[in-house]
Amino acid sequence: MALAHTLGFPRIGRDRELKQALEAYWQGQLDETGLRAVGRSLRTAHWQMQQDAGIELLPVGDFAWYDQVLAHSLLVGAVPRRFRPADGRVGLDTLFAMARGAGQGCAGAQALEMTKWFDTNYHYLVPEFAADQRFRLSWEQLFEEVAEARELGYRVKPVLIGPLTYLWLGKARDGAFDRLELLERLLPIYGEILGRLAALGVEWVQIDEPILVLDLPQAWKSAFERAYHLLQQAPLKKLLATYFGALDDNLGLAANLPVDGLHIDLVRAPQQLAGVLDRLPPYKVLSLGVVNGRNVWRCDLEQALQPLRLAAERFGERLWVAPSCSLLHSPMELAREDRLDEALKGWLAFAVEKCREVALLAKAVEAPESAEVHAALADSRAAQDARRHSPRIHNPAVQARLRGIGESDWRRPTAFDERIGRQRAQLELPPFPTTTIGSFPQTAEIRQARQAYRRGTLDEAGYRAAMQAQIRRAIEVQERLGLDVLVHGEAERNDMVEYFAEQLEGYAFTRFGWVQSYGSRCVKPALVVGDIQRPRPMTVEWSRYAQSLTARPMKGMLTGPVTMLMWSFPREDLPREEQALQLALAIRDEVQDLEAAGIRIVQIDEAAFREGLPLRQAERGHYLDWAVQAFRLCSAGVRDETQIHTHMCYSEFNDLLEAIAALDADVISIEASRSQMDLLEAFEDFAYPGEIGPGVYDIHSPRVPGREEMLALLRQAAERIPPERLWVNPDCGLKTRGWAEAEAALANMVAAARAMRVSRAPVSEGGA
C-alpha cells in the first residue's frame, strides 16, 4: 500500500501557544522549564493530530523554538563568536540571542541576518560562516525529540536540512571565501547525526535539499555527488526531499544520488513527473507531493490521483504520498473556523485536513473501489464544481475595467529627474531627511480598543476617538524627536494586508488561520476568493486627520498589489498576474484619493516584491513584467509634485535592480542594517535613478543601537549612494517594538542624520 507521510507540520499550536510561551519567556514571565513543557505538549499534540488524520510516518525535527535553519546551525555548532557563551555550553539563550540580538551574556550582539525561505513568506536566520569555521555536534534537541516520539509509540522520520542547502543558505563573513569549501568540514558532523539517529532506532531520515530546484553552478552539482557518496555509509535509509519547483536540469543528479528515496513537488511542477519516472531507479522510493502545502484550497482528489496511479504502476509499494512541502506554511485546523459560511468552508483545507487528503489518496491508490474512496471522490467533485460556478467568484465590472487599461495608465507623465526637482521644492526637506517605514507600536491599549470595537462593547465613535488619540501621540512623538516626514502610526490597522483586504470586495477571512512568519511573529493571511474591487476609500480619513495635526509632510501608507497578493492565499483558478492587476486598480483609486486629500507623499509598500520571483532564472522575466506593471498601474496616476515611496525588506537586490528601477518610484527604502549595508553593493554598481533610504537599525531586535553605530552605517551608505539621494529610516515598521525602545532608537537615528548633515554640508547642499 502507498505510504502516507508529511514533510513537516505547523509548530505554533492551535491557539499560538508557542508564540505566547516564547514572549512570556523573553519577558521573564516563564522559566525555561515552563517553556520546554509547552514545547513537549505541542509536539505530542501535533504528532497525534497527524496520526489521527491517517499519516503513517511522522516528521520529527520540524519543531523549532524560533526557526528550523537557526536550530540546524546550533545542531552543527555554527555559532558565531559573538554569541558563544564563556563556558562553551550552547543553550536556549544562545539560540534567542542569535535570533534577536539580545540574551544572557551577549545583550549587545547584533542578531543574525534574516531573509525569506525561498519564495515563501517564512523568514529564516541566515547561517554565518567564518573562513576558519569549525563544526561540531552541539545541540541535542533533535535526538531528544526522536526519543520523545518513540517513547510515545510513534513511527517517526527525522527531518534534516541537507548539507548543500544549508551551506547555500548561509553567508561568508570575515572576508570573502567560497562556502562550498566548508563542505568537507561539515560532512563528518552529518555522519555523527545519522549515526546517533540510527542508534535511537530510526529507519528513515528525510534530508531536505530544496536547492536542487534552483539554477546551480556546476561546482555545487558536483559537490552533491561527493557529499552523498560519503553519507551513504550511514546506517539509515535516506529520503531526499525537494520542493518549491522542478528538478529540471538537476533531475539526473537527484535521481542517481546514493539515497533510498526521492520526494518531488507535483503541485508547483507537475510536468516533472514523466522525467522522474524515466530516470529514478525503480528500487528507490518515490514520494509525490500532490497536496498543496502552501495554500488553503481543498485538493482536487481526482486530479491528484492521476499521477499517483501512473507512478504506482512502476513503484508499487515504494510509492509514498505527501503534501508538496512542509505544512509549516498552512494554518492548523479548518474545523475550528466557526465564522465561515458553509459554502466557502467546503472549498478549504488546512494542515489537518491536508493530512486527511494525503491519507485518502494513499488509500485510493490501493483500494480505488472502496466505499470510503468513492464517497470522498464524489464529495471532492461536488466541492470543485460548486466553487467553479459560484457567483462570488466573478465580477463583470472588474473584468471590464481590466480590459479598459490603456498605455497611459502605466506611466507617470514626467521622468524622475524632472519631477524630483518639483518635489524637493514643494517638500523643502533637509539633506538626509528622516522618516519611518510607517507603523508605530501596537500597544495593549490599541489591541484592547480594537477587540472591544469588534465585540460591540465600544461603539464606532468611541473607537474612532481612541485611534485618533493614538495618532496624536505618534505625531507628537515624531515632532518632539525631530523627524522630517511623519507617519500616522497605523494604530487602526491589524495587519498591513488584512486591514486593506477587509475593505475590498473579493476577500474572505479566517478566525484561526494563523501561520508563522518567523519566531513568535504570526500572520493570518486573507483568502482571495473572487474578483477584487474597492467599494470606498480605505485610509483617506485617517491620513487627512493626521495631516491636520502637523505642518510637516505626512506619508499616506498603502500596501502594494504584489505584497497584497503574496501575503494572501491567492486563487488557484486565475493567474496571479490578473489578481495583481485587480488589486492595482483598487490601490490606484486610493492613491488618487489621498492626493486629492492633500497628502503629498504616498508610500506603497512592496515588501514581497522579491518573494514572488520564480526560483529559476528562465521564469523570472514574465513575473517581473507583470509585477512592475501592477506597481506602476497603482502609482502612475498622480501629479509630478506627489512623491511616491516604496519599501522592500529582507531581500537581496542584485538581480532585481533593473526591475526595481522600472517601478519608477521616487524613493525606495530597504533593509540594510543586519547586512551592515552590504546590500547597497548592488546599488553601487547600478546607477539607480531614484532616492534610497537604507535602513540604519534593525527593528526586529529589541536592542537599541547607538548614534555612532547608525552614523557609521550612514557613512558607509554615503560611500555607495550619492549623498543627495539618501534618506534615513529604520529597516521596517515599528509595530512589534515598545514605545520606550522605539523612541530611544529614533532619537539616535535623528541625531545620526543631523551629524551627517554637518559633516556633509558642502556636499549635500541642494536638499534631499
# chains A, B, ... in the order shown; residues from 1 in each chain; ligands from 1

call {"tool": "residues_around", "arguments": {"residues": "Ala131 in chain A", "least_positions_apart": "2", "cutoff": "8 Å", "atoms": "only C-alpha atoms", "output": "ChimeraX atom specification"}}
result
/A:129,133,172-175,177

call {"tool": "select_by_dssp", "arguments": {"residues": "range 365-602 of chain A", "states": "alpha helix (DSSP H)", "output": "PyMOL selection string"}}
result
chain A and resi 365-366+371-388+396-403+416-427+444-455+460-481+498-501+540-548+561-566+576-596

call {"tool": "closest_residue", "arguments": {"among": "A:Gln233, A:Gln603, A:Thr6, A:Gln579", "to": "Gln206 in chain A", "atoms": "only C-alpha atoms"}}
result
A:Thr6

call {"tool": "atom_distance", "arguments": {"atom1": "CA of Asp605 in chain A", "atom2": "CA of Leu558 in chain A"}}
result
6.2 Å

call {"tool": "residues_around", "arguments": {"residues": "Val126 in chain A", "least_positions_apart": "3", "cutoff": "12 Å", "atoms": "only C-alpha atoms", "output": "JSON list (two decimals) with all heavy atoms, in the first residue's frame"}}
result
[["chain", "number", "residue", "atom", "x", "y", "z"],
["A", 67, "ASP", "N", 13.28, 29.09, 14.52],
["A", 67, "ASP", "CA", 13.41, 28.85, 13.09],
["A", 67, "ASP", "C", 14.21, 27.57, 12.89],
["A", 67, "ASP", "O", 15.18, 27.31, 13.60],
["A", 67, "ASP", "CB", 14.14, 30.04, 12.44],
["A", 67, "ASP", "CG", 14.75, 29.70, 11.09],
["A", 67, "ASP", "OD1", 14.02, 29.18, 10.25],
["A", 67, "ASP", "OD2", 15.96, 29.93, 10.91],
["A", 68, "GLN", "N", 13.81, 26.75, 11.91],
["A", 68, "GLN", "CA", 14.46, 25.47, 11.71],
["A", 68, "GLN", "C", 15.90, 25.61, 11.20],
["A", 68, "GLN", "O", 16.76, 24.76, 11.49],
["A", 68, "GLN", "CB", 13.65, 24.58, 10.76],
["A", 68, "GLN", "CG", 13.62, 25.03, 9.31],
["A", 68, "GLN", "CD", 12.45, 25.93, 9.00],
["A", 68, "GLN", "OE1", 11.81, 26.47, 9.92],
["A", 68, "GLN", "NE2", 12.14, 26.12, 7.73],
["A", 69, "VAL", "N", 16.20, 26.66, 10.44],
["A", 69, "VAL", "CA", 17.57, 26.85, 9.96],
["A", 69, "VAL", "C", 18.47, 27.26, 11.13],
["A", 69, "VAL", "O", 19.61, 26.79, 11.26],
["A", 69, "VAL", "CB", 17.62, 27.88, 8.83],
["A", 69, "VAL", "CG1", 19.06, 28.05, 8.32],
["A", 69, "VAL", "CG2", 16.71, 27.48, 7.68],
["A", 70, "LEU", "N", 17.96, 28.12, 12.00],
["A", 70, "LEU", "CA", 18.70, 28.50, 13.18],
["A", 70, "LEU", "C", 18.96, 27.29, 14.07],
["A", 70, "LEU", "O", 20.08, 27.10, 14.59],
["A", 70, "LEU", "CB", 17.93, 29.57, 13.96],
["A", 70, "LEU", "CG", 18.52, 30.01, 15.30],
["A", 70, "LEU", "CD1", 19.90, 30.62, 15.12],
["A", 70, "LEU", "CD2", 17.58, 30.99, 15.99],
["A", 71, "ALA", "N", 17.95, 26.45, 14.25],
["A", 71, "ALA", "CA", 18.13, 25.24, 15.06],
["A", 71, "ALA", "C", 19.21, 24.35, 14.45],
["A", 71, "ALA", "O", 20.01, 23.74, 15.17],
["A", 71, "ALA", "CB", 16.80, 24.48, 15.17],
["A", 72, "HIS", "N", 19.24, 24.28, 13.12],
["A", 72, "HIS", "CA", 20.25, 23.45, 12.47],
["A", 72, "HIS", "C", 21.65, 24.04, 12.67],
["A", 72, "HIS", "O", 22.62, 23.29, 12.83],
["A", 72, "HIS", "CB", 19.94, 23.34, 10.97],
["A", 72, "HIS", "CG", 20.71, 22.26, 10.28],
["A", 72, "HIS", "ND1", 20.34, 20.93, 10.34],
["A", 72, "HIS", "CD2", 21.85, 22.30, 9.53],
["A", 72, "HIS", "CE1", 21.20, 20.21, 9.65],
["A", 72, "HIS", "NE2", 22.13, 21.01, 9.16],
["A", 73, "SER", "N", 21.75, 25.37, 12.69],
["A", 73, "SER", "CA", 23.05, 26.00, 12.95],
["A", 73, "SER", "C", 23.57, 25.59, 14.33],
["A", 73, "SER", "O", 24.77, 25.32, 14.49],
["A", 73, "SER", "CB", 22.93, 27.52, 12.86],
["A", 73, "SER", "OG", 22.74, 27.94, 11.52],
["A", 78, "ALA", "N", 27.42, 25.86, 14.35],
["A", 78, "ALA", "CA", 27.76, 27.08, 13.60],
["A", 78, "ALA", "C", 27.27, 28.30, 14.38],
["A", 78, "ALA", "O", 26.32, 28.98, 14.00],
["A", 78, "ALA", "CB", 27.15, 27.04, 12.21],
["A", 79, "VAL", "N", 27.93, 28.56, 15.50],
["A", 79, "VAL", "CA", 27.58, 29.67, 16.38],
["A", 79, "VAL", "C", 28.66, 30.74, 16.26],
["A", 79, "VAL", "O", 29.81, 30.49, 16.63],
["A", 79, "VAL", "CB", 27.46, 29.20, 17.85],
["A", 79, "VAL", "CG1", 27.14, 30.37, 18.76],
["A", 79, "VAL", "CG2", 26.40, 28.11, 17.96],
["A", 80, "PRO", "N", 28.34, 31.92, 15.71],
["A", 80, "PRO", "CA", 29.37, 32.96, 15.58],
["A", 80, "PRO", "C", 30.00, 33.31, 16.93],
["A", 80, "PRO", "O", 29.38, 33.19, 17.98],
["A", 80, "PRO", "CB", 28.58, 34.14, 15.00],
["A", 80, "PRO", "CG", 27.42, 33.51, 14.29],
["A", 80, "PRO", "CD", 27.06, 32.33, 15.13],
["A", 98, "MET", "N", 21.08, 34.76, 19.04],
["A", 98, "MET", "CA", 21.38, 34.74, 17.61],
["A", 98, "MET", "C", 20.20, 35.26, 16.80],
["A", 98, "MET", "O", 20.37, 35.93, 15.78],
["A", 98, "MET", "CB", 21.74, 33.32, 17.17],
["A", 98, "MET", "CG", 23.07, 32.83, 17.74],
["A", 98, "MET", "SD", 23.35, 31.05, 17.48],
["A", 98, "MET", "CE", 23.57, 30.97, 15.70],
["A", 99, "ALA", "N", 18.98, 34.97, 17.27],
["A", 99, "ALA", "CA", 17.78, 35.37, 16.54],
["A", 99, "ALA", "C", 17.42, 36.83, 16.76],
["A", 99, "ALA", "O", 16.98, 37.52, 15.84],
["A", 99, "ALA", "CB", 16.61, 34.49, 16.94],
["A", 111, "ALA", "N", 22.03, 40.63, 15.92],
["A", 111, "ALA", "CA", 21.40, 39.37, 15.52],
["A", 111, "ALA", "C", 21.88, 38.93, 14.15],
["A", 111, "ALA", "O", 22.41, 39.71, 13.36],
["A", 111, "ALA", "CB", 19.88, 39.54, 15.52],
["A", 112, "LEU", "N", 21.67, 37.64, 13.86],
["A", 112, "LEU", "CA", 21.93, 37.13, 12.52],
["A", 112, "LEU", "C", 20.99, 37.80, 11.52],
["A", 112, "LEU", "O", 19.89, 38.25, 11.87],
["A", 112, "LEU", "CB", 21.69, 35.62, 12.48],
["A", 112, "LEU", "CG", 22.62, 34.72, 13.30],
["A", 112, "LEU", "CD1", 22.21, 33.27, 13.11],
["A", 112, "LEU", "CD2", 24.07, 34.91, 12.91],
["A", 113, "GLU", "N", 21.42, 37.85, 10.30],
["A", 113, "GLU", "CA", 20.55, 38.36, 9.25],
["A", 113, "GLU", "C", 19.33, 37.45, 9.09],
["A", 113, "GLU", "O", 19.37, 36.26, 9.43],
["A", 113, "GLU", "CB", 21.29, 38.43, 7.92],
["A", 113, "GLU", "CG", 22.34, 39.49, 7.83],
["A", 113, "GLU", "CD", 22.98, 39.53, 6.45],
["A", 113, "GLU", "OE1", 22.24, 39.50, 5.45],
["A", 113, "GLU", "OE2", 24.21, 39.58, 6.38],
["A", 114, "MET", "N", 18.27, 38.01, 8.58],
["A", 114, "MET", "CA", 17.03, 37.26, 8.37],
["A", 114, "MET", "C", 16.57, 37.52, 6.94],
["A", 114, "MET", "O", 16.60, 38.66, 6.46],
["A", 114, "MET", "CB", 15.96, 37.72, 9.37],
["A", 114, "MET", "CG", 14.69, 36.92, 9.32],
["A", 114, "MET", "SD", 13.67, 37.19, 10.80],
["A", 114, "MET", "CE", 13.30, 38.94, 10.65],
["A", 115, "THR", "N", 16.15, 36.48, 6.24],
["A", 115, "THR", "CA", 15.66, 36.66, 4.89],
["A", 115, "THR", "C", 14.61, 35.58, 4.59],
["A", 115, "THR", "O", 14.36, 34.70, 5.40],
["A", 115, "THR", "CB", 16.81, 36.64, 3.87],
["A", 115, "THR", "OG1", 16.36, 37.13, 2.61],
["A", 115, "THR", "CG2", 17.37, 35.23, 3.67],
["A", 116, "LYS", "N", 14.02, 35.66, 3.40],
["A", 116, "LYS", "CA", 12.91, 34.77, 3.06],
["A", 116, "LYS", "C", 13.39, 33.36, 2.70],
["A", 116, "LYS", "O", 14.42, 33.18, 2.06],
["A", 116, "LYS", "CB", 12.13, 35.36, 1.87],
["A", 116, "LYS", "CG", 11.45, 36.69, 2.17],
["A", 116, "LYS", "CD", 10.38, 36.56, 3.22],
["A", 116, "LYS", "CE", 9.72, 37.89, 3.52],
["A", 116, "LYS", "NZ", 8.86, 38.35, 2.45],
["A", 117, "TRP", "N", 12.61, 32.41, 3.14],
["A", 117, "TRP", "CA", 12.85, 31.00, 2.83],
["A", 117, "TRP", "C", 12.35, 30.73, 1.41],
["A", 117, "TRP", "O", 11.17, 30.59, 1.17],
["A", 117, "TRP", "CB", 12.11, 30.14, 3.86],
["A", 117, "TRP", "CG", 12.10, 28.67, 3.68],
["A", 117, "TRP", "CD1", 11.02, 27.91, 3.31],
["A", 117, "TRP", "CD2", 13.18, 27.74, 3.89],
["A", 117, "TRP", "NE1", 11.37, 26.58, 3.27],
["A", 117, "TRP", "CE2", 12.69, 26.45, 3.63],
["A", 117, "TRP", "CE3", 14.52, 27.90, 4.27],
["A", 117, "TRP", "CZ2", 13.49, 25.31, 3.74],
["A", 117, "TRP", "CZ3", 15.31, 26.75, 4.38],
["A", 117, "TRP", "CH2", 14.80, 25.48, 4.12],
["A", 123, "HIS", "N", 10.46, 33.54, 7.17],
["A", 123, "HIS", "CA", 11.80, 34.11, 7.28],
["A", 123, "HIS", "C", 12.71, 33.15, 8.03],
["A", 123, "HIS", "O", 12.33, 32.63, 9.08],
["A", 123, "HIS", "CB", 11.78, 35.43, 8.06],
["A", 123, "HIS", "CG", 10.88, 36.48, 7.47],
["A", 123, "HIS", "ND1", 9.51, 36.36, 7.43],
["A", 123, "HIS", "CD2", 11.17, 37.68, 6.91],
["A", 123, "HIS", "CE1", 8.99, 37.43, 6.87],
["A", 123, "HIS", "NE2", 9.97, 38.24, 6.55],
["A", 129, "PHE", "N", 29.10, 32.10, 8.44],
["A", 129, "PHE", "CA", 30.29, 31.26, 8.42],
["A", 129, "PHE", "C", 31.55, 32.12, 8.39],
["A", 129, "PHE", "O", 31.59, 33.14, 7.70],
["A", 129, "PHE", "CB", 30.29, 30.34, 7.20],
["A", 129, "PHE", "CG", 29.06, 29.47, 7.08],
["A", 129, "PHE", "CD1", 28.34, 29.43, 5.91],
["A", 129, "PHE", "CD2", 28.63, 28.70, 8.15],
["A", 129, "PHE", "CE1", 27.21, 28.64, 5.78],
["A", 129, "PHE", "CE2", 27.49, 27.90, 8.05],
["A", 129, "PHE", "CZ", 26.79, 27.87, 6.86],
["A", 165, "THR", "N", 22.20, 22.42, 0.88],
["A", 165, "THR", "CA", 21.22, 23.50, 1.07],
["A", 165, "THR", "C", 21.62, 24.39, 2.24],
["A", 165, "THR", "O", 21.52, 25.62, 2.17],
["A", 165, "THR", "CB", 19.81, 22.92, 1.29],
["A", 165, "THR", "OG1", 19.36, 22.34, 0.05],
["A", 165, "THR", "CG2", 18.82, 23.98, 1.73],
["A", 166, "TYR", "N", 22.10, 23.79, 3.32],
["A", 166, "TYR", "CA", 22.49, 24.57, 4.49],
["A", 166, "TYR", "C", 23.63, 25.54, 4.14],
["A", 166, "TYR", "O", 23.58, 26.73, 4.49],
["A", 166, "TYR", "CB", 22.91, 23.65, 5.62],
["A", 166, "TYR", "CG", 23.37, 24.40, 6.85],
["A", 166, "TYR", "CD1", 22.48, 25.17, 7.58],
["A", 166, "TYR", "CD2", 24.70, 24.34, 7.26],
["A", 166, "TYR", "CE1", 22.90, 25.88, 8.70],
["A", 166, "TYR", "CE2", 25.13, 25.04, 8.39],
["A", 166, "TYR", "CZ", 24.23, 25.81, 9.09],
["A", 166, "TYR", "OH", 24.65, 26.52, 10.19],
["A", 167, "LEU", "N", 24.64, 25.06, 3.46],
["A", 167, "LEU", "CA", 25.74, 25.95, 3.08],
["A", 167, "LEU", "C", 25.29, 27.01, 2.09],
["A", 167, "LEU", "O", 25.72, 28.16, 2.15],
["A", 167, "LEU", "CB", 26.89, 25.13, 2.49],
["A", 167, "LEU", "CG", 27.65, 24.23, 3.47],
["A", 167, "LEU", "CD1", 28.70, 23.42, 2.74],
["A", 167, "LEU", "CD2", 28.28, 25.05, 4.59],
["A", 168, "TRP", "N", 24.43, 26.64, 1.17],
["A", 168, "TRP", "CA", 23.92, 27.59, 0.17],
["A", 168, "TRP", "C", 23.17, 28.74, 0.85],
["A", 168, "TRP", "O", 23.29, 29.90, 0.45],
["A", 168, "TRP", "CB", 23.00, 26.85, -0.80],
["A", 168, "TRP", "CG", 22.40, 27.70, -1.88],
["A", 168, "TRP", "CD1", 21.27, 28.45, -1.82],
["A", 168, "TRP", "CD2", 22.92, 27.89, -3.20],
["A", 168, "TRP", "NE1", 21.03, 29.08, -3.02],
["A", 168, "TRP", "CE2", 22.03, 28.76, -3.89],
["A", 168, "TRP", "CE3", 24.03, 27.39, -3.88],
["A", 168, "TRP", "CZ2", 22.23, 29.15, -5.21],
["A", 168, "TRP", "CZ3", 24.23, 27.77, -5.20],
["A", 168, "TRP", "CH2", 23.34, 28.66, -5.86],
["A", 169, "LEU", "N", 22.40, 28.41, 1.87],
["A", 169, "LEU", "CA", 21.60, 29.42, 2.56],
["A", 169, "LEU", "C", 22.44, 30.34, 3.44],
["A", 169, "LEU", "O", 21.96, 31.39, 3.86],
["A", 169, "LEU", "CB", 20.54, 28.75, 3.44],
["A", 169, "LEU", "CG", 19.46, 27.95, 2.72],
["A", 169, "LEU", "CD1", 18.58, 27.22, 3.73],
["A", 169, "LEU", "CD2", 18.61, 28.82, 1.82],
["A", 170, "GLY", "N", 23.66, 29.95, 3.73],
["A", 170, "GLY", "CA", 24.50, 30.71, 4.64],
["A", 170, "GLY", "C", 25.23, 31.85, 3.96],
["A", 170, "GLY", "O", 25.10, 32.10, 2.76],
["A", 171, "LYS", "N", 26.04, 32.54, 4.77],
["A", 171, "LYS", "CA", 26.75, 33.73, 4.29],
["A", 171, "LYS", "C", 28.16, 33.71, 4.85],
["A", 171, "LYS", "O", 28.38, 33.43, 6.04],
["A", 171, "LYS", "CB", 26.02, 34.99, 4.75],
["A", 171, "LYS", "CG", 26.59, 36.28, 4.20],
["A", 171, "LYS", "CD", 25.67, 37.44, 4.48],
["A", 171, "LYS", "CE", 26.17, 38.71, 3.79],
["A", 171, "LYS", "NZ", 25.25, 39.85, 3.99],
["A", 172, "ALA", "N", 29.12, 34.01, 3.99],
["A", 172, "ALA", "CA", 30.52, 34.08, 4.41],
["A", 172, "ALA", "C", 30.79, 35.44, 5.04],
["A", 172, "ALA", "O", 30.48, 36.48, 4.46],
["A", 172, "ALA", "CB", 31.43, 33.86, 3.20],
["A", 173, "ARG", "N", 31.37, 35.42, 6.24],
["A", 173, "ARG", "CA", 31.75, 36.66, 6.91],
["A", 173, "ARG", "C", 33.26, 36.66, 7.15],
["A", 173, "ARG", "O", 33.94, 35.68, 6.87],
["A", 173, "ARG", "CB", 31.02, 36.80, 8.25],
["A", 173, "ARG", "CG", 29.50, 36.84, 8.13],
["A", 173, "ARG", "CD", 29.00, 38.01, 7.29],
["A", 173, "ARG", "NE", 29.28, 39.30, 7.88],
["A", 173, "ARG", "CZ", 28.38, 40.01, 8.56],
["A", 173, "ARG", "NH1", 27.17, 39.56, 8.73],
["A", 173, "ARG", "NH2", 28.70, 41.19, 9.05],
["A", 650, "TYR", "N", 14.20, 42.68, 3.75],
["A", 650, "TYR", "CA", 14.80, 41.35, 3.85],
["A", 650, "TYR", "C", 14.87, 40.64, 2.50],
["A", 650, "TYR", "O", 14.34, 39.57, 2.31],
["A", 650, "TYR", "CB", 14.08, 40.52, 4.92],
["A", 650, "TYR", "CG", 14.22, 41.18, 6.26],
["A", 650, "TYR", "CD1", 13.22, 41.97, 6.79],
["A", 650, "TYR", "CD2", 15.43, 41.11, 6.94],
["A", 650, "TYR", "CE1", 13.40, 42.64, 8.00],
["A", 650, "TYR", "CE2", 15.60, 41.78, 8.14],
["A", 650, "TYR", "CZ", 14.60, 42.54, 8.66],
["A", 650, "TYR", "OH", 14.78, 43.20, 9.82],
["A", 651, "SER", "N", 15.53, 41.29, 1.57],
["A", 651, "SER", "CA", 15.70, 40.74, 0.24],
["A", 651, "SER", "C", 17.09, 41.07, -0.28],
["A", 651, "SER", "O", 17.68, 42.07, 0.09],
["A", 651, "SER", "CB", 14.67, 41.31, -0.74],
["A", 651, "SER", "OG", 13.36, 40.97, -0.37],
["A", 674, "ARG", "N", 21.19, 44.80, 9.19],
["A", 674, "ARG", "CA", 21.73, 43.49, 9.59],
["A", 674, "ARG", "C", 22.86, 43.07, 8.68],
["A", 674, "ARG", "O", 23.76, 42.34, 9.07],
["A", 674, "ARG", "CB", 20.63, 42.42, 9.60],
["A", 674, "ARG", "CG", 19.73, 42.47, 10.82],
["A", 674, "ARG", "CD", 19.00, 41.16, 11.03],
["A", 674, "ARG", "NE", 18.14, 41.23, 12.21],
["A", 674, "ARG", "CZ", 17.55, 40.17, 12.76],
["A", 674, "ARG", "NH1", 17.74, 38.97, 12.26],
["A", 674, "ARG", "NH2", 16.78, 40.30, 13.82],
["A", 675, "SER", "N", 22.82, 43.50, 7.43],
["A", 675, "SER", "CA", 23.88, 43.15, 6.48],
["A", 675, "SER", "C", 25.03, 44.15, 6.52],
["A", 675, "SER", "O", 25.95, 44.05, 5.72],
["A", 675, "SER", "CB", 23.31, 43.10, 5.06],
["A", 675, "SER", "OG", 22.97, 44.40, 4.61]]

call {"tool": "residues_around", "arguments": {"residues": "range 359-369 of chain A", "least_positions_apart": "4", "cutoff": "6 Å", "atoms": "only C-alpha atoms", "output": "PyMOL selection string"}}
result
chain A and resi 1-2+4+54+321+373

call {"tool": "atom_distance", "arguments": {"atom1": "CA of Ala752 in chain A", "atom2": "CA of Pro722 in chain A"}}
result
17.4 Å
